[in-house]
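*Asks:* Hey, dropping entry_5.cif in here, mmCIF, C-alpha atoms:
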data_structure
#
loop_
_atom_site.group_PDB
_atom_site.id
_atom_site.type_symbol
_atom_site.label_atom_id
_atom_site.label_comp_id
_atom_site.auth_asym_id
_atom_site.auth_seq_id
_atom_site.Cartn_x
_atom_site.Cartn_y
_atom_site.Cartn_z
ATOM 1 C CA MET A 4 22.485 -12.361 -5.770
ATOM 2 C CA LYS A 5 19.885 -13.609 -8.205
ATOM 3 C CA ARG A 6 17.265 -13.665 -5.471
ATOM 4 C CA LEU A 7 18.167 -10.110 -4.426
ATOM 5 C CA LEU A 8 17.764 -8.942 -8.024
ATOM 6 C CA ILE A 9 14.336 -10.583 -8.260
ATOM 7 C CA ILE A 10 13.204 -8.894 -5.037
ATOM 8 C CA LEU A 11 14.461 -5.490 -6.229
ATOM 9 C CA LEU A 12 12.723 -5.835 -9.600
ATOM 10 C CA MET A 13 9.518 -6.949 -7.902
ATOM 11 C CA PHE A 14 9.410 -3.862 -5.689
ATOM 12 C CA ALA A 15 10.397 -1.537 -8.517
ATOM 13 C CA GLY A 16 7.345 -2.827 -10.415
ATOM 14 C CA ILE A 17 5.081 -2.247 -7.425
ATOM 15 C CA THR A 18 6.425 1.298 -7.044
ATOM 16 C CA LEU A 19 5.752 2.182 -10.682
ATOM 17 C CA CYS A 20 2.220 0.744 -10.545
ATOM 18 C CA ALA A 21 1.477 2.657 -7.377
ATOM 19 C CA THR A 22 2.693 6.018 -8.704
ATOM 20 C CA ALA A 23 1.206 5.791 -12.194
ATOM 21 C CA GLN A 24 -2.074 7.671 -12.651
ATOM 22 C CA GLU A 25 -4.984 5.369 -12.859
ATOM 23 C CA GLY A 26 -6.565 5.331 -16.307
ATOM 24 C CA LEU A 27 -9.888 7.105 -16.678
ATOM 25 C CA ARG A 28 -12.212 6.802 -19.667
ATOM 26 C CA ILE A 29 -12.627 10.606 -19.894
ATOM 27 C CA ASN A 30 -8.936 10.803 -20.809
ATOM 28 C CA GLU A 31 -10.166 10.120 -24.344
ATOM 29 C CA VAL A 32 -11.831 13.538 -24.292
ATOM 30 C CA PHE A 33 -8.736 15.261 -22.878
ATOM 31 C CA GLU A 34 -6.623 13.579 -25.543
ATOM 32 C CA GLY A 35 -8.881 14.836 -28.348
ATOM 33 C CA HIS A 36 -10.245 11.432 -29.382
ATOM 34 C CA VAL A 37 -13.905 12.472 -29.091
ATOM 35 C CA VAL A 38 -13.840 16.150 -30.021
ATOM 36 C CA SER A 39 -10.963 17.556 -32.068
ATOM 37 C CA LYS A 40 -8.188 18.968 -29.892
ATOM 38 C CA GLN A 41 -8.530 22.203 -31.913
ATOM 39 C CA LEU A 42 -11.992 22.698 -30.407
ATOM 40 C CA ILE A 43 -10.959 22.107 -26.817
ATOM 41 C CA GLN A 44 -9.846 24.769 -24.362
ATOM 42 C CA GLU A 45 -7.733 22.893 -21.912
ATOM 43 C CA SER A 46 -5.752 23.765 -18.818
ATOM 44 C CA LEU A 47 -3.412 21.559 -16.828
ATOM 45 C CA VAL A 48 -2.036 22.842 -13.532
ATOM 46 C CA LYS A 49 0.155 20.872 -11.154
ATOM 47 C CA GLY A 50 2.099 21.629 -8.000
ATOM 48 C CA ASP A 51 2.673 24.892 -6.127
ATOM 49 C CA ASN A 52 0.025 26.964 -7.947
ATOM 50 C CA LEU A 53 -2.666 24.740 -6.454
ATOM 51 C CA ALA A 54 -1.343 24.750 -2.900
ATOM 52 C CA PRO A 55 -3.929 27.369 -1.702
ATOM 53 C CA TYR A 56 -6.696 24.976 -2.762
ATOM 54 C CA ASN A 57 -5.031 21.931 -1.226
ATOM 55 C CA LEU A 58 -4.939 20.336 -4.671
ATOM 56 C CA LYS A 59 -2.095 18.745 -6.587
ATOM 57 C CA VAL A 60 -3.576 18.320 -10.063
ATOM 58 C CA LEU A 61 -6.247 20.311 -11.856
ATOM 59 C CA HIS A 62 -7.059 19.348 -15.418
ATOM 60 C CA THR A 63 -9.951 21.051 -17.182
ATOM 61 C CA ALA A 64 -11.358 20.827 -20.699
ATOM 62 C CA LYS A 65 -14.132 22.919 -22.262
ATOM 63 C CA CYS A 66 -15.444 21.974 -25.653
ATOM 64 C CA THR A 67 -18.296 22.477 -28.042
ATOM 65 C CA ALA A 68 -19.910 19.177 -28.959
ATOM 66 C CA ASN A 69 -22.656 17.934 -31.231
ATOM 67 C CA ALA A 70 -25.378 15.546 -30.025
ATOM 68 C CA LYS A 71 -23.397 12.410 -30.853
ATOM 69 C CA GLU A 72 -20.222 13.674 -29.179
ATOM 70 C CA ARG A 73 -22.225 14.724 -26.141
ATOM 71 C CA ILE A 74 -23.608 11.204 -25.733
ATOM 72 C CA THR A 75 -20.122 9.695 -26.103
ATOM 73 C CA ILE A 76 -18.667 12.013 -23.458
ATOM 74 C CA GLU A 77 -21.634 11.339 -21.190
ATOM 75 C CA GLN A 78 -21.082 7.589 -21.532
ATOM 76 C CA LEU A 79 -17.349 7.845 -20.815
ATOM 77 C CA PHE A 80 -18.064 9.927 -17.742
ATOM 78 C CA ALA A 81 -20.720 7.450 -16.587
ATOM 79 C CA GLU A 82 -18.133 4.640 -16.920
ATOM 80 C CA ASP A 83 -15.723 6.550 -14.691
ATOM 81 C CA MET A 84 -18.496 7.242 -12.204
ATOM 82 C CA LYS A 85 -18.513 3.537 -11.388
ATOM 83 C CA GLY A 86 -15.303 4.181 -9.464
ATOM 84 C CA ARG A 87 -17.056 6.596 -7.076
ATOM 85 C CA ILE A 88 -16.766 6.215 -3.324
ATOM 86 C CA SER A 89 -20.510 6.204 -2.673
ATOM 87 C CA ASP A 90 -23.833 7.812 -3.599
ATOM 88 C CA ASP A 91 -23.741 9.843 -0.431
ATOM 89 C CA ASP A 92 -24.155 13.630 -0.758
ATOM 90 C CA SER A 93 -20.711 14.155 0.663
ATOM 91 C CA ASN A 94 -19.155 12.211 -2.218
ATOM 92 C CA LEU A 95 -21.550 12.831 -5.093
ATOM 93 C CA GLU A 96 -23.542 15.733 -6.502
ATOM 94 C CA MET A 97 -25.441 15.380 -9.777
ATOM 95 C CA GLU A 98 -28.450 16.501 -11.725
ATOM 96 C CA SER A 99 -30.079 15.147 -14.867
ATOM 97 C CA ARG A 100 -32.369 16.932 -17.301
ATOM 98 C CA ASP A 101 -34.376 15.387 -20.139
ATOM 99 C CA GLY A 102 -32.694 12.039 -19.606
ATOM 100 C CA HIS A 103 -29.180 13.439 -19.872
ATOM 101 C CA LEU A 104 -26.578 14.351 -17.336
ATOM 102 C CA TYR A 105 -26.682 18.102 -16.667
ATOM 103 C CA TYR A 106 -23.856 18.287 -14.204
ATOM 104 C CA ALA A 107 -22.007 15.965 -11.828
ATOM 105 C CA ILE A 108 -19.281 16.242 -9.213
ATOM 106 C CA VAL A 109 -17.989 12.821 -8.248
ATOM 107 C CA GLN A 110 -15.410 11.758 -5.699
ATOM 108 C CA LEU A 111 -13.581 8.678 -6.923
ATOM 109 C CA LYS A 112 -11.798 6.160 -4.781
ATOM 110 C CA ASN A 113 -8.493 7.491 -3.479
ATOM 111 C CA ASN A 114 -5.326 6.634 -5.361
ATOM 112 C CA ALA A 115 -2.627 4.375 -3.898
ATOM 113 C CA ARG A 116 -1.077 7.254 -1.961
ATOM 114 C CA GLY A 117 -4.382 8.117 -0.295
ATOM 115 C CA THR A 118 -5.002 11.283 -2.340
ATOM 116 C CA HIS A 119 -8.607 12.303 -3.072
ATOM 117 C CA ARG A 120 -9.657 12.243 -6.736
ATOM 118 C CA TYR A 121 -12.599 14.027 -8.326
ATOM 119 C CA ILE A 122 -14.173 14.192 -11.755
ATOM 120 C CA CYS A 123 -16.712 16.824 -12.778
ATOM 121 C CA TYR A 124 -18.996 17.193 -15.762
ATOM 122 C CA GLN A 125 -21.246 19.944 -16.982
ATOM 123 C CA CYS A 126 -23.297 20.232 -20.155
ATOM 124 C CA ARG A 127 -25.111 23.374 -21.309
ATOM 125 C CA ASP A 128 -27.639 23.055 -24.124
ATOM 126 C CA ARG A 129 -27.080 25.914 -26.577
ATOM 127 C CA SER A 130 -29.814 24.798 -29.022
ATOM 128 C CA SER A 131 -27.460 24.154 -31.923
ATOM 129 C CA HIS A 132 -24.677 22.589 -29.881
ATOM 130 C CA TYR A 133 -23.593 21.702 -26.352
ATOM 131 C CA ASP A 134 -20.962 23.365 -24.215
ATOM 132 C CA ILE A 135 -19.312 20.664 -22.169
ATOM 133 C CA THR A 136 -16.874 21.121 -19.296
ATOM 134 C CA LEU A 137 -14.854 18.272 -17.854
ATOM 135 C CA VAL A 138 -12.601 18.478 -14.811
ATOM 136 C CA TYR A 139 -10.193 16.065 -13.151
ATOM 137 C CA MET A 140 -8.781 16.991 -9.730
ATOM 138 C CA GLU A 141 -6.421 15.346 -7.302
ATOM 139 C CA GLY A 142 -5.405 16.473 -3.834
ATOM 140 C CA LYS A 143 -6.072 16.487 -0.128
ATOM 141 C CA ALA A 144 -9.028 18.876 -0.319
ATOM 142 C CA SER A 145 -12.405 17.409 0.600
ATOM 143 C CA LEU A 146 -15.497 17.967 -1.520
ATOM 144 C CA ALA A 147 -16.849 20.275 1.194
ATOM 145 C CA ASP A 148 -13.633 22.356 1.004
ATOM 146 C CA LEU A 149 -13.931 22.624 -2.768
ATOM 147 C CA ARG A 150 -17.585 23.645 -2.577
ATOM 148 C CA LYS A 151 -16.700 26.340 -0.070
ATOM 149 C CA THR A 152 -13.860 27.628 -2.249
ATOM 150 C CA PHE A 153 -15.449 27.625 -5.674
ATOM 151 C CA LYS A 154 -19.198 27.967 -5.186
ATOM 152 C CA LYS A 155 -20.398 31.426 -6.132
ATOM 153 C CA LYS A 156 -22.459 33.123 -3.428
ATOM 154 C CA MET B 16 42.458 -58.075 22.946
ATOM 155 C CA ASN B 17 45.192 -58.486 25.572
ATOM 156 C CA LYS B 18 44.138 -58.427 29.216
ATOM 157 C CA VAL B 19 45.405 -55.331 30.997
ATOM 158 C CA THR B 20 47.446 -56.404 33.959
ATOM 159 C CA GLN B 21 47.932 -54.469 37.146
ATOM 160 C CA GLU B 22 51.525 -53.827 36.090
ATOM 161 C CA ASN B 23 50.323 -52.367 32.806
ATOM 162 C CA VAL B 24 47.912 -50.178 34.701
ATOM 163 C CA ARG B 25 50.630 -48.913 36.999
ATOM 164 C CA GLU B 26 52.801 -48.062 34.005
ATOM 165 C CA LEU B 27 49.832 -46.349 32.273
ATOM 166 C CA LEU B 28 49.065 -44.418 35.433
ATOM 167 C CA ARG B 29 52.644 -43.253 35.642
ATOM 168 C CA ARG B 30 52.427 -42.003 32.045
ATOM 169 C CA TYR B 31 48.999 -40.440 32.801
ATOM 170 C CA MET B 32 50.381 -38.558 35.818
ATOM 171 C CA GLU B 33 53.357 -37.382 33.729
ATOM 172 C CA GLY B 34 50.948 -36.159 31.050
ATOM 173 C CA GLU B 35 52.424 -38.490 28.473
ATOM 174 C CA SER B 36 49.462 -40.843 27.968
ATOM 175 C CA THR B 37 47.580 -41.021 24.732
ATOM 176 C CA GLN B 38 43.774 -40.911 24.277
ATOM 177 C CA ALA B 39 43.807 -44.677 23.724
ATOM 178 C CA GLU B 40 45.759 -45.242 26.956
ATOM 179 C CA GLN B 41 43.401 -43.025 28.929
ATOM 180 C CA LYS B 42 40.492 -44.953 27.491
ATOM 181 C CA MET B 43 42.124 -48.209 28.604
ATOM 182 C CA LEU B 44 42.516 -46.820 32.106
ATOM 183 C CA ARG B 45 38.872 -45.654 32.246
ATOM 184 C CA GLU B 46 37.663 -49.050 31.039
ATOM 185 C CA TYR B 47 39.889 -50.877 33.496
ATOM 186 C CA PHE B 48 38.749 -48.886 36.541
ATOM 187 C CA ASP B 49 35.143 -48.994 35.357
ATOM 188 C CA GLY B 50 35.157 -52.783 35.033
ATOM 189 C CA GLU B 51 37.530 -53.939 37.774
ATOM 190 C CA GLN B 52 35.913 -54.582 41.153
ATOM 191 C CA ASP B 53 38.793 -56.118 43.089
ATOM 192 C CA LEU B 54 41.529 -53.523 43.131
ATOM 193 C CA PRO B 55 44.740 -53.516 45.194
ATOM 194 C CA ASP B 56 45.061 -50.731 47.742
ATOM 195 C CA ASP B 57 47.467 -48.634 45.693
ATOM 196 C CA LEU B 58 45.098 -48.588 42.692
ATOM 197 C CA ALA B 59 41.743 -48.179 44.481
ATOM 198 C CA PRO B 60 41.930 -44.315 44.830
ATOM 199 C CA PHE B 61 42.392 -44.020 41.033
ATOM 200 C CA ALA B 62 39.082 -45.795 40.434
ATOM 201 C CA GLN B 63 37.292 -42.942 42.239
ATOM 202 C CA ILE B 64 39.284 -40.312 40.330
ATOM 203 C CA PHE B 65 38.359 -41.829 36.931
ATOM 204 C CA ALA B 66 34.720 -42.183 38.008
ATOM 205 C CA ILE B 67 34.614 -38.434 38.837
ATOM 206 C CA ILE B 68 36.347 -37.515 35.549
ATOM 207 C CA ASP B 69 33.811 -39.583 33.559
ATOM 208 C CA GLU B 70 30.892 -37.848 35.278
ATOM 209 C CA ALA B 71 32.358 -34.364 34.790
ATOM 210 C CA THR B 72 32.991 -34.795 31.082
ATOM 211 C CA PRO B 73 29.960 -36.487 29.555
ATOM 212 C CA THR B 74 30.496 -37.836 26.077
ATOM 213 C CA PRO B 75 28.369 -36.042 23.472
ATOM 214 C CA SER B 76 25.756 -38.189 21.775
ATOM 215 C CA VAL B 77 26.190 -39.372 18.195
ATOM 216 C CA GLU B 78 23.282 -37.156 17.068
ATOM 217 C CA ALA B 79 24.894 -34.105 18.656
ATOM 218 C CA LEU B 80 28.177 -34.858 16.944
ATOM 219 C CA ASP B 81 26.374 -35.306 13.613
ATOM 220 C CA ARG B 82 24.584 -31.993 14.010
ATOM 221 C CA PHE B 83 27.849 -30.277 14.843
ATOM 222 C CA ALA B 84 29.609 -31.742 11.836
ATOM 223 C CA SER B 85 26.665 -31.238 9.450
ATOM 224 C CA PRO B 86 27.537 -29.189 6.325
ATOM 225 C CA THR B 87 23.967 -27.738 6.231
ATOM 226 C CA GLU B 88 24.820 -25.326 9.046
ATOM 227 C CA GLY B 89 26.366 -22.850 6.642
ATOM 228 C CA LYS B 90 23.366 -23.001 4.295
ATOM 229 C CA ARG B 91 20.976 -22.404 7.144
ATOM 230 C CA LYS B 92 22.808 -19.219 8.119
ATOM 231 C CA ARG B 93 22.647 -17.896 4.551
ATOM 232 C CA PHE B 94 18.939 -18.698 4.336
ATOM 233 C CA LEU B 95 18.202 -16.705 7.483
ATOM 234 C CA ILE B 96 19.720 -13.585 5.916
ATOM 235 C CA TRP B 97 17.084 -13.377 3.130
ATOM 236 C CA PRO B 98 14.157 -12.216 5.253
ATOM 237 C CA PHE B 99 16.312 -9.333 6.469
ATOM 238 C CA ILE B 100 17.313 -8.373 2.921
ATOM 239 C CA ALA B 101 13.662 -8.525 1.830
ATOM 240 C CA ALA B 102 12.609 -6.413 4.821
ATOM 241 C CA ALA B 103 15.307 -3.857 3.980
ATOM 242 C CA CYS B 104 14.056 -3.675 0.375
ATOM 243 C CA ILE B 105 10.463 -3.182 1.543
ATOM 244 C CA ALA B 106 11.567 -0.420 3.907
ATOM 245 C CA ALA B 107 13.551 1.304 1.148
ATOM 246 C CA PHE B 108 10.654 1.265 -1.302
ATOM 247 C CA ALA B 109 8.208 2.343 1.397
ATOM 248 C CA CYS B 110 10.427 5.382 2.024
ATOM 249 C CA ILE B 111 10.297 6.220 -1.692
ATOM 250 C CA LEU B 112 6.504 5.892 -1.770
ATOM 251 C CA LEU B 113 5.870 7.779 1.459
ATOM 252 C CA ALA B 114 8.304 10.623 0.753
ATOM 253 C CA PRO B 115 6.616 14.060 0.761
ATOM 254 C CA PRO B 116 5.022 14.465 -2.697
ATOM 255 C CA GLN B 117 6.124 18.109 -2.943
ATOM 256 C CA GLN B 118 9.679 16.923 -3.452
ATOM 257 C CA LYS B 119 8.744 14.647 -6.341
ATOM 258 C CA GLU B 120 5.873 16.515 -8.050
ATOM 259 C CA GLU B 121 6.904 19.048 -10.615
ATOM 260 C CA SER B 122 5.045 22.335 -10.803
ATOM 261 C CA MET B 123 3.490 23.205 -14.128
ATOM 262 C CA ALA B 124 0.680 25.285 -15.598
ATOM 263 C CA ILE B 125 -0.184 24.866 -19.258
ATOM 264 C CA ALA B 126 -3.156 26.016 -21.288
ATOM 265 C CA TYR B 127 -4.265 24.784 -24.720
ATOM 266 C CA VAL B 128 -6.371 27.222 -26.707
ATOM 267 C CA ASP B 129 -7.355 26.622 -30.336
ATOM 268 C CA GLY B 130 -4.950 23.707 -30.474
ATOM 269 C CA LYS B 131 -1.987 25.829 -29.407
ATOM 270 C CA MET B 132 -0.080 25.269 -26.225
ATOM 271 C CA LEU B 133 0.363 28.406 -24.119
ATOM 272 C CA ASN B 134 2.916 28.195 -21.356
ATOM 273 C CA ASN B 135 1.022 30.876 -19.503
ATOM 274 C CA GLU B 136 0.638 30.189 -15.820
ATOM 275 C CA VAL B 137 -1.905 32.935 -15.170
ATOM 276 C CA GLN B 138 -4.140 31.932 -18.061
ATOM 277 C CA ALA B 139 -3.998 28.260 -17.141
ATOM 278 C CA MET B 140 -4.958 29.021 -13.547
ATOM 279 C CA GLN B 141 -7.737 31.344 -14.647
ATOM 280 C CA MET B 142 -9.220 28.740 -16.994
ATOM 281 C CA GLY B 143 -9.087 26.097 -14.262
ATOM 282 C CA GLN B 144 -10.689 28.364 -11.655
ATOM 283 C CA GLU B 145 -13.459 29.447 -14.028
ATOM 284 C CA ALA B 146 -14.297 25.856 -14.897
ATOM 285 C CA LEU B 147 -14.498 24.923 -11.232
ATOM 286 C CA GLN B 148 -16.593 27.958 -10.311
ATOM 287 C CA GLU B 149 -18.995 27.164 -13.119
ATOM 288 C CA ILE B 150 -19.422 23.557 -12.078
ATOM 289 C CA PHE B 151 -19.584 24.120 -8.320
ATOM 290 C CA SER B 152 -22.181 26.878 -8.757
ATOM 291 C CA ASN B 153 -24.652 24.451 -10.315
ATOM 292 C CA GLY B 154 -26.406 23.868 -7.027
ATOM 293 C CA ASN B 155 -26.928 27.636 -6.778
ATOM 294 C CA HIS B 156 -30.496 28.107 -8.091
ATOM 295 C CA GLU B 157 -30.247 31.883 -8.312
ATOM 296 C CA GLN B 158 -27.232 31.485 -10.594
ATOM 297 C CA GLN B 159 -29.102 28.949 -12.731
ATOM 298 C CA LEU B 160 -32.152 31.217 -13.091
ATOM 299 C CA SER B 161 -29.909 34.090 -13.989
ATOM 300 C CA GLU B 162 -28.182 31.982 -16.664
ATOM 301 C CA LEU B 163 -31.549 30.747 -17.971
ATOM 302 C CA PHE B 164 -32.986 34.205 -18.446
ATOM 303 C CA ASN B 165 -29.800 35.710 -19.799
ATOM 304 C CA GLU B 166 -29.353 33.023 -22.436
ATOM 305 C CA PRO B 167 -29.334 34.367 -25.999
#
Take the structure in this file and express it as structure tokens.
*Replies:*
Amino acid sequence: MKRLLIILLMFAGITLCATAQEGLRINEVFEGHVVSKQLIQESLVKGDNLAPYNLKVLHTAKCTANAKERITIEQLFAEDMKGRISDDDSNLEMESRDGHLYYAIVQLKNNARGTHRYICYQCRDRSSHYDITLVYMEGKASLADLRKTFKKK
Amino acid sequence: MNKVTQENVRELLRRYMEGESTQAEQKMLREYFDGEQDLPDDLAPFAQIFAIIDEATPTPSVEALDRFASPTEGKRKRFLIWPFIAAACIAAFACILLAPPQQKEESMAIAYVDGKMLNNEVQAMQMGQEALQEIFSNGNHEQQLSELFNEP
């Protein structure tokens, strides 16, 4: 009986680990630890609404940042980029300007259930401040599918 | 040990044929017919009978008897059950993990604007779509030029 209990607890632990969302550094931005939550326009969509896009989770945040905050966000994003699948065009799209990240679309390694994960970053220089957009996506859609769906003609 | 006489043997045989002999008496008979070479005519056929009986019912070895009587047999059976229980647990948890996600995932659409949570599905979707369109259009140079020249 004791052995059965140990086995059950062991597999319950594995199940929880496998289903929990893997921690990303950019979560600090979504949680308002870099830029005040009051200055962030955030949307979180899960489930049926995203079915047409073959996505399960879409989390976006748009904020106005100063130079210091921009660098912090850039660094957090760069940390998360280490978890990318590859530098291949089919998994990564990015552009830098003046030594800073201008925009990036990165496919991260799949989660335990084999779902694709993406993070996106965009920074627009508005002279006095920066408009930054961060996106986290999860689903079966490939990067090519997403490009086809959301790229303006 | 007393020597078994032919008279004793006859009496033991009578009991054996009547089905009244004990294990010890049967053993005595087997030993007698196994060891005695010079048998009278009335006893000689029994020697062959006991020889055939001995061949047909071989005595189990001591090791075999020990194995049969060993108390570890029960433990071994219990031990063999555990891999099946573990396999059943793995199968059960695999079913939980591989179940269609639509059944487990809750649907939600929330937007935060100016620090306030808006439970507005349409607005949340619109904000998400706009953000994606903006980011995925970055590779579009016409769009970028347009943005550049239209900047305040």
*Asks:* For Glu96 of chain A, please output as a list in words all residues within 9 Å (counting only C-alpha atoms; exclusion window: fewer than 6 positions along the same chain).
*Replies:*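 Everything that qualifies: Asp90, Tyr106, Ala107, Ile108 and Val109 of chain A; Gly154 of chain B.
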*Asks:* Could you give me, as a PyMOL selection string, the residues that have an atom at most 12 Å away from the point (-13.3, 12.2, -30.3) in the coordinates of the file, using only C-alpha atoms?
*Replies:* chain A and resi 28-43+66-69+71-76+79
*Asks:* Using only C-alpha atoms, tabulate the residues of chain B lying at most 6 Å from any atom of chain A, each with its closest atom pair and that distance in Å to one decimal, by chain and increasing residue number, as a Markdown table.
*Replies:*
| residue | atom | partner | partner_atom | distance |
| --- | --- | --- | --- | --- |
| B:Ser122 | CA | A:Gly50 | CA | 4.1 |
| B:Met123 | CA | A:Lys49 | CA | 5.0 |
| B:Ala124 | CA | A:Val48 | CA | 4.2 |
| B:Ile125 | CA | A:Leu47 | CA | 5.2 |
| B:Ala126 | CA | A:Ser46 | CA | 4.2 |
| B:Tyr127 | CA | A:Glu45 | CA | 4.8 |
| B:Val128 | CA | A:Gln44 | CA | 4.9 |
| B:Asp129 | CA | A:Gln41 | CA | 4.8 |
| B:Gly130 | CA | A:Gln41 | CA | 4.1 |
| B:Ala139 | CA | A:Ser46 | CA | 5.1 |
| B:Gly143 | CA | A:Thr63 | CA | 5.9 |
| B:Gln148 | CA | A:Phe153 | CA | 4.8 |
| B:Phe151 | CA | A:Lys154 | CA | 5.0 |
| B:Ser152 | CA | A:Lys154 | CA | 4.8 |
*Asks:* I would like the residues chosen by the PyMOL selection byres ((chain B and resi 25) around 12) on the shown file; could you give them as an MDAnalysis selection string?
*Replies:* chainID B and resid 19:24 26:32 40 43:44 47:48 54:55 57:59 61
*Asks:* Rounded to one decimal place, report the atom CA of Tyr139 of chain A-atom CA of Tyr121 of chain A distance in Å.
*Replies:*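 Spanning atom CA of Tyr139 of chain A to atom CA of Tyr121 of chain A is a straight-line distance of 5.8 Å.
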*Asks:* Work out how far apart atom CA of Leu104 of chain A and atom CA of Tyr133 of chain A are and give it in Å to one decimal.
*Replies:* 12.0 Å
*Asks:* So for segment 21-35 of chain B, what box centre and size do we get, axis-aligned, 3 Å extra on each of the six sides, every listed atom, Å to one decimal, as AutoDock Vina command-line options?
*Replies:*
--center_x 50.6 --center_y -45.3 --center_z 32.8 --size_x 11.4 --size_y 24.3 --size_z 14.7
*Asks:* Smallest atom-to-atom distance to Ala81 of chain A: which of A:Ile122, A:His132, A:Lys143, A:Asp101, using only C-alpha atoms?
*Replies:*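 Result for the nearest residue to Ala81 of chain A: A:Ile122.
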